[in-house]
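Peer 1: The structure's right below; bear with me while I get my questions together.
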Amino acid sequence: MNKETAIASLKNDIPLTDFIRGVNKKISDYWTRMNFTHAEAPIVMVDSIGKRYAKLATFRTNPVSKKLEADSVYCFYDIANGDLLKGTWKAPVANGVRGNVKEPNVLDKFTEHGPAYLR
């Protein structure tokens with residue numbers, strides 16, 4: 001399965017789609033509240049899909065090419081159970097679960113910059 005087909009298959013995952021929509025609203029609201037006008041607000045999208053995890057990355061518009069480019073990892077999504085994990089560019093971290101897309105208050109555990117730290 002190629003990258004585009006794999007990413008398209010996740011579009012039917014309603015809890016994940018709702019989570020991404022909520023995160024993007026949180027980022028947009030933050031940029032509006034902070035009065036950032038130097039660029040468009042970044043957006044979170046699925047960047048890649050492995051056997052177990054999908055990487056959600058923050059994308060920004062390149063000012064020269066005007067194309068969206070992955071800027072940083074937002075979190076990882078466990079395809080099997082819906083867990084959302086903190087991670088590096090390459091993989092999720094151990095003890096990185098920060099929530100599950102099926103939880104009603106999952107967005108409270110995430111900021112406009114990524115998953116909140118464990119307390």
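As shown in the structure tokens, the chain order sets the letters A, B, ...; within each chain, residues go from 1, and ligands are also counted from 1 in the order they appear.
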Would you list the contacts of range 7-14 of chain A as JSON, numbers by chain, taking every protein, DNA or RNA residue within 10 Å and counting only C-alpha atoms, but skipping same-chain residues closer than 4 positions in sequence?

Peer 2: {"A": [1, 2, 3, 18, 19, 20, 45, 46, 47, 48, 49, 54, 79, 82, 101, 102]}

Peer 1: For the selection you just gave me, I'd like the residues written to a file as a PDB file, in the first residue's frame, keeping N, CA and C atoms.

Peer 2:
```
ATOM      1  N   MET A   1       0.855  -1.176   0.000  1.00  0.00           N
ATOM      2  CA  MET A   1       0.000   0.000   0.000  1.00  0.00           C
ATOM      3  C   MET A   1       0.904   1.242   0.000  1.00  0.00           C
ATOM      4  N   ASN A   2       0.657   2.162  -0.920  1.00  0.00           N
ATOM      5  CA  ASN A   2       1.479   3.368  -0.974  1.00  0.00           C
ATOM      6  C   ASN A   2       1.021   4.377   0.092  1.00  0.00           C
ATOM      7  N   LYS A   3       1.817   5.428   0.269  1.00  0.00           N
ATOM      8  CA  LYS A   3       1.573   6.404   1.335  1.00  0.00           C
ATOM      9  C   LYS A   3       0.206   7.064   1.200  1.00  0.00           C
ATOM     10  N   ASP A  18     -11.779  13.666  14.061  1.00  0.00           N
ATOM     11  CA  ASP A  18     -12.272  14.665  15.020  1.00  0.00           C
ATOM     12  C   ASP A  18     -11.130  15.228  15.871  1.00  0.00           C
ATOM     13  N   PHE A  19     -10.199  14.361  16.270  1.00  0.00           N
ATOM     14  CA  PHE A  19      -9.052  14.805  17.060  1.00  0.00           C
ATOM     15  C   PHE A  19      -8.213  15.804  16.257  1.00  0.00           C
ATOM     16  N   ILE A  20      -7.898  15.472  15.016  1.00  0.00           N
ATOM     17  CA  ILE A  20      -7.084  16.357  14.176  1.00  0.00           C
ATOM     18  C   ILE A  20      -7.804  17.683  13.954  1.00  0.00           C
ATOM     19  N   MET A  45      -1.490  17.145  10.288  1.00  0.00           N
ATOM     20  CA  MET A  45      -2.008  16.140   9.359  1.00  0.00           C
ATOM     21  C   MET A  45      -1.219  14.853   9.556  1.00  0.00           C
ATOM     22  N   VAL A  46      -1.746  13.760   9.003  1.00  0.00           N
ATOM     23  CA  VAL A  46      -1.013  12.502   9.011  1.00  0.00           C
ATOM     24  C   VAL A  46       0.150  12.635   8.028  1.00  0.00           C
ATOM     25  N   ASP A  47       1.354  12.361   8.508  1.00  0.00           N
ATOM     26  CA  ASP A  47       2.546  12.465   7.671  1.00  0.00           C
ATOM     27  C   ASP A  47       2.933  11.119   7.077  1.00  0.00           C
ATOM     28  N   SER A  48       2.897  10.080   7.905  1.00  0.00           N
ATOM     29  CA  SER A  48       3.267   8.749   7.418  1.00  0.00           C
ATOM     30  C   SER A  48       2.595   7.685   8.268  1.00  0.00           C
ATOM     31  N   ILE A  49       2.551   6.484   7.716  1.00  0.00           N
ATOM     32  CA  ILE A  49       1.923   5.362   8.414  1.00  0.00           C
ATOM     33  C   ILE A  49       2.853   4.161   8.352  1.00  0.00           C
ATOM     34  N   ALA A  54       0.681   5.759  13.113  1.00  0.00           N
ATOM     35  CA  ALA A  54       0.623   6.830  12.128  1.00  0.00           C
ATOM     36  C   ALA A  54       1.274   8.056  12.777  1.00  0.00           C
ATOM     37  N   ILE A  79      -2.701   2.755  15.613  1.00  0.00           N
ATOM     38  CA  ILE A  79      -3.805   2.361  14.745  1.00  0.00           C
ATOM     39  C   ILE A  79      -4.662   1.272  15.385  1.00  0.00           C
ATOM     40  N   GLY A  82      -6.062   3.280  19.205  1.00  0.00           N
ATOM     41  CA  GLY A  82      -6.440   4.692  19.284  1.00  0.00           C
ATOM     42  C   GLY A  82      -5.625   5.528  20.245  1.00  0.00           C
ATOM     43  N   VAL A 101      -7.967   8.660  21.350  1.00  0.00           N
ATOM     44  CA  VAL A 101      -8.900   9.456  20.548  1.00  0.00           C
ATOM     45  C   VAL A 101     -10.353   9.210  20.918  1.00  0.00           C
ATOM     46  N   LYS A 102     -10.632   8.115  21.597  1.00  0.00           N
ATOM     47  CA  LYS A 102     -12.012   7.797  21.971  1.00  0.00           C
ATOM     48  C   LYS A 102     -12.434   8.457  23.287  1.00  0.00           C
TER      49      LYS A 102
END
```

Peer 1: Near range 22-32 of chain A, counting only C-alpha atoms, which residues have an atom at most 10 Å away, once you skip same-chain residues fewer than 6 positions from it, shown as a ChimeraX atom specification?

Peer 2: /A:16,39-45,58,74,106-107,110-114

Peer 1: Would you compute the distance between CA of Asn95 in chain A and CA of Ala80 in chain A? Give it in Å to one decimal.

Peer 2: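 About the pair CA of Asn95 in chain A and CA of Ala80 in chain A: they are 16.9 Å apart.
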
Peer 1: In Å, rounded to a single decimal, give me how far CA of Tyr77 in chain A is from CA of Lys51 in chain A.

Peer 2: 11.3 Å

Peer 1: For Asp83 in chain A, find every residue with an atom within 6 Å (counting only C-alpha atoms), except residues of its own chain fewer than 3 positions away, and show them as a list in words.

Peer 2: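 So the residues in contact are Tyr77, Asp78, Gly99 and Asn100 of chain A.
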
Peer 1: What residues in range 71-110 of chain A get the DSSP label strand (DSSP E)? Please answer as a VMD selection string.

Peer 2: chain A and resid 71 to 78 83 to 87 92 to 100 110
